[in-house]
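Participant: One structure follows; several queries about it will come next.
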Amino acid sequence: MAEAADFQGTTPSPARRWLRRSGALLAGAPLLAGLLQLPAGAATQASVQDASGAGSVSVALDSLSPSAPADGDTLTVSGTVTNNGKQTVTGAHVGLRVGPEVSTRSGIDDIARSSDSVQGASGAEVGGKYAEKFAKLTPGVAEHFSISVPVDKLDLGGDGIYQFAVALSGQTAAQPWVQTLGVQRTFLPWQAEGADTKTKTTFLWPLVSTVHLTAETGPNDQQTPVFLNDDLAKEISPGGRLDEMLTLGEGLDVTWVLDPDLIASVDAMARSYKIKNEDGTTTVGTHQAVAKRWLDELQKAVADQEVVALPFADPDLASLAHNGTGVTGSLNHLNEATDVAATTVRTVLHVTPATDFAWPVDGAVDPSIVKVATSAGADKVIVRSDSLQETGGLSYTPSAARPIGGGTTAVVADARLSTAFQGDLTKASSSTLAVQRFLAQSLALNTQTDKQRSIVVAPQRMPTTSQAQAMADALSALQSGNWSRTQKLSAAAKAKPDPGATTRLPSASAYPSSLRRQELPRSAFEQIARTQDTLDNFKGILTNDSRVVTPFGRAMNRDMSASWRGRASAAESFRSSVENHLGELTRQVQLIEKSDTKLSGRSATIPVTVRNNLVQGVQHLVLRLTSTSPNRLKIGDYAFDEQRITVSGGHSQTVKFTTTAKANGQATVVAQLYTEDGRKYGDPVSFDVKVTEFTATVMLVIGGGFLLLVLAGFRMYTQRKRAARQAEENGPADETDGENEEPENPDGPAARLKEESGTDARAGDPQQPSDPTPDTAAESADPSATGERVDR
């Protein structure tokens, strides 16, 4: 009944109104209590953002030069401010602020995570004329600013890392008082004079790319290579990623880390090459000049620098360790990739690289990865500190070198420095912040202790152009700074290890799941093993196996490349193309199909033809012909026979086998090629042979008939001879009988027949002496009686 008073169109009583108000107050009490319990900062931030529009202006710090200033320098800061709010900002100005010193590396991380928040300390603004004013900031319009200030006006204290901020202050119509509407924080490393102990820093400069070359080559003597696409030409052309990496690295003191496959691919492009189209056809490549220029520049850049060569095609060590070691032959490919690495780099660049370093993806390791990495001869593994984490409670970052047992050294790259240039750095502001953060981390590391340490920076394998530019800017500032000096990777690996540093490898379960999901599956290594098995069978019959072994061997190295991570479909397509192309080549040597054959007689020959469509000859092949019914048809002396085969390139050869028939009927014959070691080669060819052999009985009947014919001929001959003698004895015939009349022989057959029968045998009477007496009367000429049967 109480609910009826709340229906539309009714008026509640005063008592009910009092109850409703009391209920509302009771319901709102928890909400009020929650608001009262909010932190003061959160409540203030909410009110400021809602009422005053704080944070509505974005500040982009596009450049800060010099990145690590020294005494007497002038600091120039430039960038843009953009009003993202709905109200015009008036009385605005951009000022510089120097905040308190940051003493720890983790403190740098905390500030970087909230670098654009208007809340929190930003330090006092640099006074005087070191600001830029704007009468108004229109919503959605970006305004550029540039401020220069002498470093001595920044009131920096002792050496260290200082918060440095660019802030915009102004007011809006809704809140007509000056307030901070936008800020961008970064870091200003300050080392006025050379540090007493400088950190030895090794920076790896990777020249690594994706897979570009296929297993296909042209049939000519030069074996013209075929590229997957024309992407490599774009990367090494002016402005391309690899060209920028080369240009930027030339002016830096770095350790070059090269994938020999990239060097070999560019070298192949410097000569005649083709590009594979989507429809399977090929197009002639035209970027020889670009490839030659890039190789020439690289030779100059690495001439006096340390060069580390990864195994050919940069095989994925983690995938191999986790999914490939159980597949026969997988580790052999890693050994081959390591062996060919030094030769490739030395041949093309004329420098001798170090090949005893292994670099797993992202420096993540476990015992199985290290075992695989060292199985191919590497005794130094580049690891990242977020994988081999410190557990000894050290208050500083230890040196990179760590003995991990078995004569293997883990060269531990600093994770913070190595990941400083990841992400999207296409915007100038993002790149500037990355550079300043890198320098701040480097200086903070140096100030941790007075101990001499060797630090390694191992960035991502394939930096983008913008990332490479940021890396070069940071490294240039570091190398001209006062707290670090460069060092070769080999020297860092030989440095005295810190006794308190961690040397225990993480377990397999600690390997990052995000990286494990990107690994090559076991099926990939099984497919590679099938391809290798086919290649082993094929190369044994070739007169020049290097034309096949080399391109397919390198292609299988590319099958295992770490560059396939995140591209599972492309990786599978490439592996299949390698396997299928090898299959096409092996099928160029094959048996010609035969139709069914008829075999007459006891023995005959059966021809079998082998065709070779390769450009080179084949040898060491054995052709075996087998009868499935040896009781009916023998091949040679047994159920099968075989002959050695050698066929020139582009030719066919026909081989004849002797067969022996044992019985009539149909027999199936199988022709099969084998290698010398007894392995089947190619598909068999089957055909039926119909045997129509003459048996001994038939031959006896035929022989008897032939003998009768001979005897009859001999009898006729003797009779004629006797008749001729008798004619001579009787004298010449009567001339009145006619010239053509034959004298009657009284003793001849006709005379005897006349005497016996009483008739003249020459009268044409059809009766013979042996004929029976007719049992019917002579035919009457009278008319036939009714119903009488008449034979006509």
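If you're wondering about the labels, chains in the structure tokens are A, B, ... by order shown, residues count from 1 in each chain, ligands from 1 in order shown.
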Can you list, as a PyMOL selection string, every residue of region 233-361 of chain A that DSSP puts in helix (DSSP H, G or I)?

Facilitator: chain A and resi 233-236+241-250+260-269+288-302+317-324+330-349+361

Participant: Can you tell me which residues surround region 607-610 of chain A at a distance of at most 10 Å, considering only C-alpha atoms, apart from same-chain residues fewer than 3 positions away, and format the answer as a list in words?

Facilitator: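 In the requested format, the answer is Val589, Gln590, Leu591, Ile592, Glu593, Lys594, Leu623, Arg624, Leu625, Ile645, Thr646, Val647, His651, Ser652, Gln653, Thr654, Val655, Lys656, Phe657, Thr658, Ala671, Leu673 and Val685 of chain A.
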
Participant: Go ahead and save the residues from that selection, with C-alpha atoms, as an mmCIF file, in the first residue's frame.

Facilitator:
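Wrote again.cif, looks like this:
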```
data_model
loop_
_atom_site.group_PDB
_atom_site.id
_atom_site.type_symbol
_atom_site.label_atom_id
_atom_site.label_comp_id
_atom_site.auth_asym_id
_atom_site.auth_seq_id
_atom_site.Cartn_x
_atom_site.Cartn_y
_atom_site.Cartn_z
ATOM 1 C CA VAL A 589 65.216 -37.554 -63.741
ATOM 2 C CA GLN A 590 62.531 -40.168 -64.234
ATOM 3 C CA LEU A 591 61.424 -43.312 -66.005
ATOM 4 C CA ILE A 592 59.236 -42.958 -69.075
ATOM 5 C CA GLU A 593 55.812 -44.554 -68.737
ATOM 6 C CA LYS A 594 55.402 -47.781 -70.749
ATOM 7 C CA LEU A 623 67.773 -49.378 -63.049
ATOM 8 C CA ARG A 624 66.113 -52.535 -61.783
ATOM 9 C CA LEU A 625 63.445 -54.440 -63.728
ATOM 10 C CA ILE A 645 72.679 -45.806 -65.717
ATOM 11 C CA THR A 646 74.495 -42.636 -66.788
ATOM 12 C CA VAL A 647 72.520 -39.992 -68.658
ATOM 13 C CA HIS A 651 69.062 -36.496 -72.856
ATOM 14 C CA SER A 652 67.371 -39.870 -72.516
ATOM 15 C CA GLN A 653 68.801 -43.380 -72.421
ATOM 16 C CA THR A 654 67.046 -46.630 -73.288
ATOM 17 C CA VAL A 655 68.155 -49.832 -71.603
ATOM 18 C CA LYS A 656 67.170 -53.311 -72.881
ATOM 19 C CA PHE A 657 66.523 -56.246 -70.573
ATOM 20 C CA THR A 658 66.492 -59.895 -71.743
ATOM 21 C CA ALA A 671 60.876 -50.712 -63.290
ATOM 22 C CA LEU A 673 65.544 -46.506 -60.204
ATOM 23 C CA VAL A 685 56.814 -47.611 -63.493
#
```

Participant: Smallest atom-to-atom distance to Arg517 (chain A): which of A:His322, A:Lys721, A:Lys494, A:Lys598, using only C-alpha atoms?

Facilitator: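 The closest residue to Arg517 (chain A) is A:His322.
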
Participant: Just the number, please: distance in Å from CA of Val615 (chain A) to CA of His287 (chain A), one decimal.

Facilitator: 27.8 Å

Participant: Using only C-alpha atoms, which residues sit within 9 Å of Tyr273 (chain A) once same-chain residues fewer than 4 positions away are excluded, as a count of residues only?

Facilitator: 13

Participant: Leaving out region 425-439 of chain A and any residue of its chain fewer than 6 positions from it, which residues lie within 8 Å of it when counting only C-alpha atoms, given as a PDB file with C-alpha atoms, in the first residue's frame?

Facilitator:
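What landed in result35.pdb:
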```
ATOM      1  CA  ALA A  60      55.530  17.669 -27.252  1.00  0.00           C
ATOM      2  CA  LEU A  61      59.267  17.930 -26.673  1.00  0.00           C
ATOM      3  CA  ASP A  62      60.685  17.491 -30.166  1.00  0.00           C
ATOM      4  CA  SER A  63      64.336  18.245 -29.460  1.00  0.00           C
ATOM      5  CA  LEU A  64      66.674  18.887 -26.572  1.00  0.00           C
ATOM      6  CA  SER A  67      71.259  15.904 -24.773  1.00  0.00           C
ATOM      7  CA  ALA A  68      73.968  15.796 -22.128  1.00  0.00           C
ATOM      8  CA  GLY A  79      58.558  21.408 -29.601  1.00  0.00           C
ATOM      9  CA  ILE A 108      63.843   7.079 -13.620  1.00  0.00           C
ATOM     10  CA  ALA A 112      59.027   8.087 -17.320  1.00  0.00           C
ATOM     11  CA  THR A 186      62.167  14.152 -19.213  1.00  0.00           C
ATOM     12  CA  PHE A 187      65.680  13.913 -17.805  1.00  0.00           C
ATOM     13  CA  LEU A 188      68.762  16.066 -17.972  1.00  0.00           C
ATOM     14  CA  PRO A 189      71.975  14.104 -17.306  1.00  0.00           C
ATOM     15  CA  ARG A 416      66.918  -1.088 -19.485  1.00  0.00           C
ATOM     16  CA  LEU A 417      69.480   0.239 -21.948  1.00  0.00           C
ATOM     17  CA  SER A 466      63.298   6.031 -36.572  1.00  0.00           C
ATOM     18  CA  GLN A 467      64.560   3.676 -33.881  1.00  0.00           C
ATOM     19  CA  ALA A 470      67.289   7.547 -31.911  1.00  0.00           C
ATOM     20  CA  MET A 471      69.935   4.935 -31.141  1.00  0.00           C
ATOM     21  CA  ASP A 473      71.611  10.172 -31.348  1.00  0.00           C
ATOM     22  CA  ALA A 474      71.870   8.588 -27.923  1.00  0.00           C
ATOM     23  CA  ALA A 477      75.802  11.861 -26.949  1.00  0.00           C
ATOM     24  CA  LEU A 478      77.090   9.014 -24.784  1.00  0.00           C
TER      25      LEU A 478
END
```

Participant: Pick from A:Gln163, A:Lys451, A:Pro367, A:Thr76: nearest to Asp110 (chain A), with only C-alpha atoms counted?

Facilitator: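 Smallest distance to Asp110 (chain A) is found for A:Gln163.
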
Participant: Measuring between only C-alpha atoms, which one of A:Arg271, A:Arg611, A:Arg575, A:Arg715 shows the shortest distance to Ser523 (chain A)?

Facilitator: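 Smallest distance to Ser523 (chain A) is found for A:Arg575.
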
Participant: Please identify every residue of region 273-318 of chain A that has at least one atom no farther than 7 Å from an atom of region 341-357 of chain A, counting only C-alpha atoms, and for each give the shortest atom pair and the distance in Å to one decimal, arranged by chain then increasing number, as JSON lines.

Facilitator:
```
{"residue": "A:Gln299", "atom": "CA", "partner": "A:Leu349", "partner_atom": "CA", "distance": 5.3}
{"residue": "A:Ala303", "atom": "CA", "partner": "A:Val351", "partner_atom": "CA", "distance": 6.9}
{"residue": "A:Val307", "atom": "CA", "partner": "A:Pro353", "partner_atom": "CA", "distance": 5.0}
{"residue": "A:Val308", "atom": "CA", "partner": "A:Ala354", "partner_atom": "CA", "distance": 4.7}
{"residue": "A:Ala309", "atom": "CA", "partner": "A:Thr355", "partner_atom": "CA", "distance": 5.3}
{"residue": "A:Leu310", "atom": "CA", "partner": "A:Thr355", "partner_atom": "CA", "distance": 6.4}
{"residue": "A:Pro311", "atom": "CA", "partner": "A:Ala341", "partner_atom": "CA", "distance": 5.5}
{"residue": "A:Phe312", "atom": "CA", "partner": "A:Ala341", "partner_atom": "CA", "distance": 5.2}
```

Participant: Pick out the closest residue to Ala174 (chain A) from this set: A:Val89, A:Val208, A:Ile111, A:Gly128. Count only C-alpha atoms.

Facilitator: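 Of A:Val89, A:Val208, A:Ile111, A:Gly128, the one nearest Ala174 (chain A) is A:Val89, counting only C-alpha atoms.
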
Participant: Please report, as CSV, each residue of region 324-440 of chain A lying at most 12 Å from region 544-551 of chain A, together with the nearest pair of atoms and the separation in Å rounded to one decimal; use only C-alpha atoms, and order rows by chain and ascending residue number.

Facilitator:
```
residue,atom,partner,partner_atom,distance
A:Glu336,CA,A:Thr550,CA,10.9
A:Ala337,CA,A:Thr550,CA,11.6
A:Val340,CA,A:Thr550,CA,10.5
```

Participant: Would you pick out the contacts of Gln518 (chain A) at 10 Å or less, using only C-alpha atoms, so that residues sharing its chain but fewer than 6 positions from it are not included, and give the list as a list of chain:residue names?

Facilitator: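 Contacts, in chain order: A:Ser319, A:Ala562, A:Trp564, A:Arg565, A:Gly566, A:Arg567, A:Ala568.
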
Participant: For the residues selected in the previous step, produce a file with C-alpha atoms as a PDB file, in the first residue's frame.

Facilitator:
```pdb
ATOM      1  CA  SER A 319      62.981 -22.819 -31.335  1.00  0.00           C
ATOM      2  CA  ALA A 562      64.649 -16.128 -36.168  1.00  0.00           C
ATOM      3  CA  TRP A 564      60.105 -15.840 -39.008  1.00  0.00           C
ATOM      4  CA  ARG A 565      58.899 -15.059 -35.484  1.00  0.00           C
ATOM      5  CA  GLY A 566      55.461 -13.542 -35.654  1.00  0.00           C
ATOM      6  CA  ARG A 567      55.108 -14.653 -39.301  1.00  0.00           C
ATOM      7  CA  ALA A 568      54.082 -18.288 -39.008  1.00  0.00           C
TER       8      ALA A 568
END
```

Participant: Neighbours of Asn229 (chain A) within 8 Å (only C-alpha atoms; same-chain residues fewer than 3 positions away dropped), as a PyMOL selection string?

Facilitator: chain A and resi 212+232+275-277

Participant: Could you turn the residues from that selection into a file that holds C-alpha atoms, as a short mmCIF file (atom, residue, chain, number, x, y, z; two decimals), in the first residue's frame?

Facilitator:
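Saved result, part-v9.cif, follows:
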```cif
data_model
loop_
_atom_site.label_atom_id
_atom_site.label_comp_id
_atom_site.auth_asym_id
_atom_site.auth_seq_id
_atom_site.Cartn_x
_atom_site.Cartn_y
_atom_site.Cartn_z
CA HIS A 212 64.96 -12.66 -49.20
CA LEU A 232 65.75 -5.96 -50.03
CA ILE A 275 62.46 -11.54 -58.71
CA LYS A 276 59.66 -14.05 -58.25
CA ASN A 277 56.18 -12.79 -59.02
#
```

Participant: Just give me the gap between CA of Pro66 (chain A) and CA of Ser484 (chain A) in Å, one decimal is fine.

Facilitator: 16.4 Å

Participant: With distances taken over only C-alpha atoms, which of A:Val669, A:Ala318, A:Ala270, A:Leu154 is nearest to Leu520 (chain A)?

Facilitator: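 Residue with the minimum atom-to-atom distance to Leu520 (chain A): A:Ala318.
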
Participant: Leaving out Gln389 (chain A) and any residue of its chain fewer than 5 positions from it, which residues lie within 9 Å of it when counting only C-alpha atoms, given as a list in words?

Facilitator: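 The neighbour list is Arg384, Thr502, Leu505 and Pro506 of chain A.
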
Participant: Write the residues of the selection above to a file with C-alpha atoms, as a PDB file, in the first residue's frame.

Facilitator:
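Result went into out-v3.pdb, see below:
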```pdb
ATOM      1  CA  ARG A 384      69.695  -9.976 -21.342  1.00  0.00           C
ATOM      2  CA  THR A 502      74.294 -14.251 -10.746  1.00  0.00           C
ATOM      3  CA  LEU A 505      70.565 -19.940 -15.581  1.00  0.00           C
ATOM      4  CA  PRO A 506      66.785 -19.609 -15.295  1.00  0.00           C
TER       5      PRO A 506
END
```

Participant: Report the distance between CA of Val257 (chain A) and CA of Phe203 (chain A) in Å, rounded to one decimal place.

Facilitator: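 A separation of 10.0 Å between them.
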
Participant: From the list A:Glu250, A:Asn335, A:Ser237, A:Leu213, which residue is nearest Ala291 (chain A) when using only C-alpha atoms?

Facilitator: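 Looking only at the distances to Ala291 (chain A), the closest residue turns out to be A:Ser237.
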